[in-house]
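Q: Next up, start.cif (mmCIF, C-alpha atoms).
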```
data_work
#
loop_
_atom_site.group_PDB
_atom_site.id
_atom_site.type_symbol
_atom_site.label_atom_id
_atom_site.label_comp_id
_atom_site.auth_asym_id
_atom_site.auth_seq_id
_atom_site.Cartn_x
_atom_site.Cartn_y
_atom_site.Cartn_z
ATOM 1 C CA MET A 1 0.000 0.000 0.000
ATOM 2 C CA ALA A 2 1.221 3.503 -0.810
ATOM 3 C CA VAL A 3 -0.203 7.006 -0.436
ATOM 4 C CA ASP A 4 0.568 10.032 -2.616
ATOM 5 C CA VAL A 5 1.460 13.028 -0.453
ATOM 6 C CA LYS A 6 2.489 16.631 -0.758
ATOM 7 C CA VAL A 7 5.207 17.270 1.825
ATOM 8 C CA VAL A 8 5.253 20.747 3.332
ATOM 9 C CA THR A 9 8.555 21.661 4.986
ATOM 10 C CA TYR A 10 9.011 24.050 7.891
ATOM 11 C CA GLN A 11 11.689 25.382 10.226
ATOM 12 C CA ASP A 12 11.974 24.177 13.824
ATOM 13 C CA ILE A 13 13.918 25.838 16.636
ATOM 14 C CA PHE A 14 14.436 22.539 18.488
ATOM 15 C CA GLN A 15 16.016 20.927 15.436
ATOM 16 C CA TYR A 16 18.203 24.026 15.042
ATOM 17 C CA GLY A 17 19.413 23.567 18.631
ATOM 18 C CA ALA A 18 20.024 19.860 18.079
ATOM 19 C CA GLY A 19 22.097 20.737 15.012
ATOM 20 C CA LYS A 20 24.393 22.743 17.278
ATOM 21 C CA MET A 21 25.205 19.432 19.046
ATOM 22 C CA GLY A 22 26.242 18.017 15.677
ATOM 23 C CA LEU A 23 24.576 16.896 12.485
ATOM 24 C CA HIS A 24 25.400 13.291 13.412
ATOM 25 C CA SER A 25 23.814 13.534 16.885
ATOM 26 C CA GLU A 26 20.927 11.240 17.840
ATOM 27 C CA GLU A 27 18.743 14.241 18.695
ATOM 28 C CA TYR A 28 19.272 15.836 15.277
ATOM 29 C CA LEU A 29 18.490 12.515 13.568
ATOM 30 C CA LYS A 30 15.353 12.052 15.679
ATOM 31 C CA LEU A 31 13.990 15.482 14.754
ATOM 32 C CA SER A 32 15.147 15.623 11.133
ATOM 33 C CA ALA A 33 14.506 12.080 9.872
ATOM 34 C CA SER A 34 10.827 12.198 10.748
ATOM 35 C CA ILE A 35 7.585 12.906 8.916
ATOM 36 C CA ILE A 36 4.197 13.918 10.304
ATOM 37 C CA LEU A 37 1.370 12.107 8.544
ATOM 38 C CA ASP A 38 -2.411 12.284 8.699
ATOM 39 C CA LYS A 39 -3.796 9.626 11.057
ATOM 40 C CA GLY A 40 -6.015 8.266 8.285
ATOM 41 C CA ASP A 41 -3.069 7.996 5.909
ATOM 42 C CA MET A 42 -1.100 6.128 8.588
ATOM 43 C CA ALA A 43 -4.031 3.753 9.084
ATOM 44 C CA SER A 44 -4.272 3.176 5.315
ATOM 45 C CA LEU A 45 -0.562 2.336 5.275
ATOM 46 C CA GLY A 46 -0.801 0.108 8.337
ATOM 47 C CA VAL A 47 1.954 2.131 10.010
ATOM 48 C CA ALA A 48 1.947 2.750 13.758
ATOM 49 C CA GLU A 49 3.352 5.758 15.601
ATOM 50 C CA GLY A 50 7.147 5.640 15.285
ATOM 51 C CA GLY A 51 6.989 3.114 12.453
ATOM 52 C CA LYS A 52 9.257 3.435 9.453
ATOM 53 C CA VAL A 53 8.094 4.714 6.088
ATOM 54 C CA LEU A 54 9.745 5.038 2.706
ATOM 55 C CA LEU A 55 9.265 8.450 1.105
ATOM 56 C CA GLU A 56 10.247 8.596 -2.552
ATOM 57 C CA ASN A 57 9.843 10.575 -5.718
ATOM 58 C CA GLU A 58 11.608 10.771 -9.076
ATOM 59 C CA LEU A 59 14.667 12.375 -7.440
ATOM 60 C CA ASN A 60 15.424 10.150 -4.472
ATOM 61 C CA ARG A 61 14.219 7.941 -1.644
ATOM 62 C CA ILE A 62 14.572 8.223 2.136
ATOM 63 C CA VAL A 63 13.404 6.152 5.093
ATOM 64 C CA LEU A 64 11.934 8.096 8.003
ATOM 65 C CA ASN A 65 10.120 7.645 11.306
ATOM 66 C CA ALA A 66 6.387 8.328 11.030
ATOM 67 C CA THR A 67 4.544 10.501 13.532
ATOM 68 C CA ALA A 68 0.759 10.858 13.626
ATOM 69 C CA SER A 69 -0.535 14.400 13.316
ATOM 70 C CA VAL A 70 -2.521 15.831 16.222
ATOM 71 C CA ASP A 71 -4.194 18.368 13.924
ATOM 72 C CA LYS A 72 -7.479 18.144 12.055
ATOM 73 C CA PRO A 73 -7.508 15.520 9.298
ATOM 74 C CA HIS A 74 -5.339 16.461 6.324
ATOM 75 C CA PRO A 75 -5.186 13.398 4.054
ATOM 76 C CA GLY A 76 -2.500 13.610 1.412
ATOM 77 C CA LEU A 77 -0.557 16.329 3.261
ATOM 78 C CA ALA A 78 2.584 15.518 5.224
ATOM 79 C CA PHE A 79 4.975 17.740 7.152
ATOM 80 C CA MET A 80 8.757 17.607 7.563
ATOM 81 C CA ILE A 81 11.325 19.859 9.149
ATOM 82 C CA LYS A 82 13.658 21.417 6.566
ATOM 83 C CA SER A 83 16.730 19.236 6.731
ATOM 84 C CA PRO A 84 19.200 17.202 4.691
ATOM 85 C CA TRP A 85 16.494 14.492 4.599
ATOM 86 C CA SER A 86 13.807 16.671 3.017
ATOM 87 C CA ASN A 87 16.439 18.173 0.699
ATOM 88 C CA GLN A 88 16.994 14.703 -0.791
ATOM 89 C CA LEU A 89 13.583 14.921 -2.462
ATOM 90 C CA GLU A 90 14.013 18.449 -3.809
ATOM 91 C CA GLY A 91 15.769 19.456 -7.012
ATOM 92 C CA ASP A 92 18.731 21.803 -7.349
ATOM 93 C CA GLU A 93 16.675 24.568 -8.923
ATOM 94 C CA SER A 94 15.930 27.699 -6.929
ATOM 95 C CA CYS A 95 12.990 30.073 -6.933
ATOM 96 C CA PRO A 96 13.268 33.372 -8.851
ATOM 97 C CA ALA A 97 14.488 35.150 -5.695
ATOM 98 C CA GLY A 98 17.317 32.624 -5.335
ATOM 99 C CA ALA A 99 15.907 30.717 -2.366
ATOM 100 C CA SER A 100 15.173 27.015 -2.494
ATOM 101 C CA GLY A 101 11.666 25.959 -3.421
ATOM 102 C CA PHE A 102 10.772 23.885 -0.355
ATOM 103 C CA ARG A 103 7.072 24.570 -0.468
ATOM 104 C CA GLY A 104 5.505 21.313 -1.467
ATOM 105 C CA ILE A 105 7.390 18.191 -2.401
ATOM 106 C CA ARG A 106 5.337 15.589 -4.259
ATOM 107 C CA ALA A 107 6.172 12.062 -3.130
ATOM 108 C CA VAL A 108 4.817 8.608 -2.404
ATOM 109 C CA VAL A 109 4.908 7.203 1.123
ATOM 110 C CA SER A 110 4.786 3.482 1.900
ATOM 111 C CA PRO A 111 5.607 1.227 4.871
ATOM 112 C CA SER A 112 9.250 0.218 5.188
ATOM 113 C CA SER A 113 11.263 -2.397 7.042
ATOM 114 C CA GLU A 114 14.539 -0.660 6.138
ATOM 115 C CA GLY A 115 16.569 1.340 8.623
ATOM 116 C CA ILE A 116 16.316 5.123 8.826
ATOM 117 C CA THR A 117 18.407 6.887 6.180
ATOM 118 C CA GLN A 118 21.561 8.017 7.990
ATOM 119 C CA MET A 119 23.465 11.279 7.585
ATOM 120 C CA ASP A 120 26.519 9.431 6.218
ATOM 121 C CA GLU A 121 24.404 8.013 3.379
ATOM 122 C CA ILE A 122 23.076 11.479 2.549
ATOM 123 C CA LEU A 123 26.621 12.874 2.490
ATOM 124 C CA GLN A 124 27.733 10.073 0.142
ATOM 125 C CA ARG A 125 24.871 10.930 -2.218
ATOM 126 C CA LEU A 126 25.885 14.584 -2.207
ATOM 127 C CA ARG A 127 29.491 13.723 -3.030
ATOM 128 C CA ALA A 128 28.522 11.488 -5.971
#
```
Take the structure in the file and write it out as structure tokens.

A:
Amino acid sequence: MAVDVKVVTYQDIFQYGAGKMGLHSEEYLKLSASIILDKGDMASLGVAEGGKVLLENELNRIVLNATASVDKPHPGLAFMIKSPWSNQLEGDESCPAGASGFRGIRAVVSPSSEGITQMDEILQRLRA
């Protein structure tokens, strides 16, 4: 089972603080390699709170921890903190003002038994 989603990215002060402890820290990984999904979407996927999901599009694929949203239902919308993980699914192009276009990443989410994508793997991809 898979669900098409539009991923909205946002900034988070707690993740920023965790980044100060190091981009390889457990706290940074916990906050950054996570996606907030609609409860109904999680039920459709058969994924429990903290379960692993594969998020992929034509650019890349990443494995993340899933968190159930506490907000009103929003099927098909997912939320991620701006991070090296969300960047993996975004192209190199920038908006006309020169900023990145992290305002809605189209992707497919499905259950996963793989391990969370680690920072070292992301860095290897960037070096390739």

Q: Once the PyMOL selection byres ((chain A and resi 67) around 7) is applied to the coordinates I shared, what remains selected? I want it as an mmCIF file with C-alpha atoms, keeping the file's coordinate frame.

A:
```cif
data_model
loop_
_atom_site.group_PDB
_atom_site.id
_atom_site.type_symbol
_atom_site.label_atom_id
_atom_site.label_comp_id
_atom_site.auth_asym_id
_atom_site.auth_seq_id
_atom_site.Cartn_x
_atom_site.Cartn_y
_atom_site.Cartn_z
ATOM 1 C CA ILE A 35 7.585 12.906 8.916
ATOM 2 C CA ILE A 36 4.197 13.918 10.304
ATOM 3 C CA LEU A 37 1.370 12.107 8.544
ATOM 4 C CA GLU A 49 3.352 5.758 15.601
ATOM 5 C CA GLY A 50 7.147 5.640 15.285
ATOM 6 C CA ASN A 65 10.120 7.645 11.306
ATOM 7 C CA ALA A 66 6.387 8.328 11.030
ATOM 8 C CA ALA A 68 0.759 10.858 13.626
ATOM 9 C CA SER A 69 -0.535 14.400 13.316
#
```

Q: If we count all atoms listed in the file and set the cut-off at 9 Å, which residues sit around Val70 of chain A, ignoring sequence neighbours fewer than 3 positions away in its own chain? Please answer as a VMD selection string.

A: chain A and resid 38 to 39 73

Q: Step by step, work through what the PyMOL selection byres ((chain A and resi 2) around 8) selects in the shown file, and finish by giving those residues as a list in words.

A: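 Selected by the PyMOL selection byres ((chain A and resi 2) around 8) in this file: Met1, Val3, Asp4, Leu45, Val108, Val109, Ser110 and Pro111 of chain A.
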
Q: When you look at segment 83-91 of chain A with a cut-off of 12 Å (counting only C-alpha atoms), what residues show up, excluding the ones that are within fewer than 5 positions of it in the same chain? I need them as a PDB file with C-alpha atoms, keeping the file's coordinate frame.

A:
```pdb
ATOM      1  CA  LYS A   6       2.489  16.631  -0.758  1.00  0.00           C
ATOM      2  CA  VAL A   7       5.207  17.270   1.825  1.00  0.00           C
ATOM      3  CA  VAL A   8       5.253  20.747   3.332  1.00  0.00           C
ATOM      4  CA  THR A   9       8.555  21.661   4.986  1.00  0.00           C
ATOM      5  CA  TYR A  10       9.011  24.050   7.891  1.00  0.00           C
ATOM      6  CA  GLN A  11      11.689  25.382  10.226  1.00  0.00           C
ATOM      7  CA  ASP A  12      11.974  24.177  13.824  1.00  0.00           C
ATOM      8  CA  GLN A  15      16.016  20.927  15.436  1.00  0.00           C
ATOM      9  CA  TYR A  16      18.203  24.026  15.042  1.00  0.00           C
ATOM     10  CA  ALA A  18      20.024  19.860  18.079  1.00  0.00           C
ATOM     11  CA  GLY A  19      22.097  20.737  15.012  1.00  0.00           C
ATOM     12  CA  LEU A  23      24.576  16.896  12.485  1.00  0.00           C
ATOM     13  CA  HIS A  24      25.400  13.291  13.412  1.00  0.00           C
ATOM     14  CA  TYR A  28      19.272  15.836  15.277  1.00  0.00           C
ATOM     15  CA  LEU A  29      18.490  12.515  13.568  1.00  0.00           C
ATOM     16  CA  LYS A  30      15.353  12.052  15.679  1.00  0.00           C
ATOM     17  CA  LEU A  31      13.990  15.482  14.754  1.00  0.00           C
ATOM     18  CA  SER A  32      15.147  15.623  11.133  1.00  0.00           C
ATOM     19  CA  ALA A  33      14.506  12.080   9.872  1.00  0.00           C
ATOM     20  CA  SER A  34      10.827  12.198  10.748  1.00  0.00           C
ATOM     21  CA  ILE A  35       7.585  12.906   8.916  1.00  0.00           C
ATOM     22  CA  LEU A  54       9.745   5.038   2.706  1.00  0.00           C
ATOM     23  CA  LEU A  55       9.265   8.450   1.105  1.00  0.00           C
ATOM     24  CA  GLU A  56      10.247   8.596  -2.552  1.00  0.00           C
ATOM     25  CA  ASN A  57       9.843  10.575  -5.718  1.00  0.00           C
ATOM     26  CA  GLU A  58      11.608  10.771  -9.076  1.00  0.00           C
ATOM     27  CA  LEU A  59      14.667  12.375  -7.440  1.00  0.00           C
ATOM     28  CA  ASN A  60      15.424  10.150  -4.472  1.00  0.00           C
ATOM     29  CA  ARG A  61      14.219   7.941  -1.644  1.00  0.00           C
ATOM     30  CA  ILE A  62      14.572   8.223   2.136  1.00  0.00           C
ATOM     31  CA  VAL A  63      13.404   6.152   5.093  1.00  0.00           C
ATOM     32  CA  LEU A  64      11.934   8.096   8.003  1.00  0.00           C
ATOM     33  CA  ASN A  65      10.120   7.645  11.306  1.00  0.00           C
ATOM     34  CA  ALA A  78       2.584  15.518   5.224  1.00  0.00           C
ATOM     35  CA  SER A 100      15.173  27.015  -2.494  1.00  0.00           C
ATOM     36  CA  GLY A 101      11.666  25.959  -3.421  1.00  0.00           C
ATOM     37  CA  PHE A 102      10.772  23.885  -0.355  1.00  0.00           C
ATOM     38  CA  ARG A 103       7.072  24.570  -0.468  1.00  0.00           C
ATOM     39  CA  GLY A 104       5.505  21.313  -1.467  1.00  0.00           C
ATOM     40  CA  ILE A 105       7.390  18.191  -2.401  1.00  0.00           C
ATOM     41  CA  ARG A 106       5.337  15.589  -4.259  1.00  0.00           C
ATOM     42  CA  ALA A 107       6.172  12.062  -3.130  1.00  0.00           C
ATOM     43  CA  VAL A 108       4.817   8.608  -2.404  1.00  0.00           C
ATOM     44  CA  ILE A 116      16.316   5.123   8.826  1.00  0.00           C
ATOM     45  CA  THR A 117      18.407   6.887   6.180  1.00  0.00           C
ATOM     46  CA  GLN A 118      21.561   8.017   7.990  1.00  0.00           C
ATOM     47  CA  MET A 119      23.465  11.279   7.585  1.00  0.00           C
ATOM     48  CA  ASP A 120      26.519   9.431   6.218  1.00  0.00           C
ATOM     49  CA  GLU A 121      24.404   8.013   3.379  1.00  0.00           C
ATOM     50  CA  ILE A 122      23.076  11.479   2.549  1.00  0.00           C
ATOM     51  CA  LEU A 123      26.621  12.874   2.490  1.00  0.00           C
ATOM     52  CA  GLN A 124      27.733  10.073   0.142  1.00  0.00           C
ATOM     53  CA  ARG A 125      24.871  10.930  -2.218  1.00  0.00           C
ATOM     54  CA  LEU A 126      25.885  14.584  -2.207  1.00  0.00           C
TER      55      LEU A 126
END
```

Q: If I take atom CA of Gly40 of chain A and atom CA of Glu27 of chain A, how far is one from the other in Å, to one decimal?

A: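 Separating atom CA of Gly40 of chain A from atom CA of Glu27 of chain A is a distance of 27.5 Å.
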
Q: Between atom CA of Ser112 of chain A and atom CA of Gly51 of chain A, what is the distance in Å, rounded to a tenth?

A: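 Taking atom CA of Ser112 of chain A as the start and atom CA of Gly51 of chain A as the end point, the length is 8.1 Å.
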
Q: To one decimal place in Å, what is the distance between atom CA of His74 of chain A and atom CA of Met42 of chain A?

A: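 Atom CA of Met42 of chain A lies at a distance of 11.4 Å from atom CA of His74 of chain A.
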
Q: Report the centre and edge lengths, in Å to one decimal, of an axis-aligned box enclosing every atom of segment 63-80 of chain A listed in the file, padded by 3 Å on each side, as JSON.

A:
```
{"center_x": 2.9, "center_y": 12.3, "center_z": 8.8, "size_x": 26.9, "size_y": 18.2, "size_z": 20.8}
```

Q: For a quick check of understanding, using only C-alpha atoms, which of A:Asp41, A:Ser25, A:Arg127, A:Ser113 has the smallest distance to Leu77 of chain A?

A: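 Closest to Leu77 of chain A of all the choices is A:Asp41.
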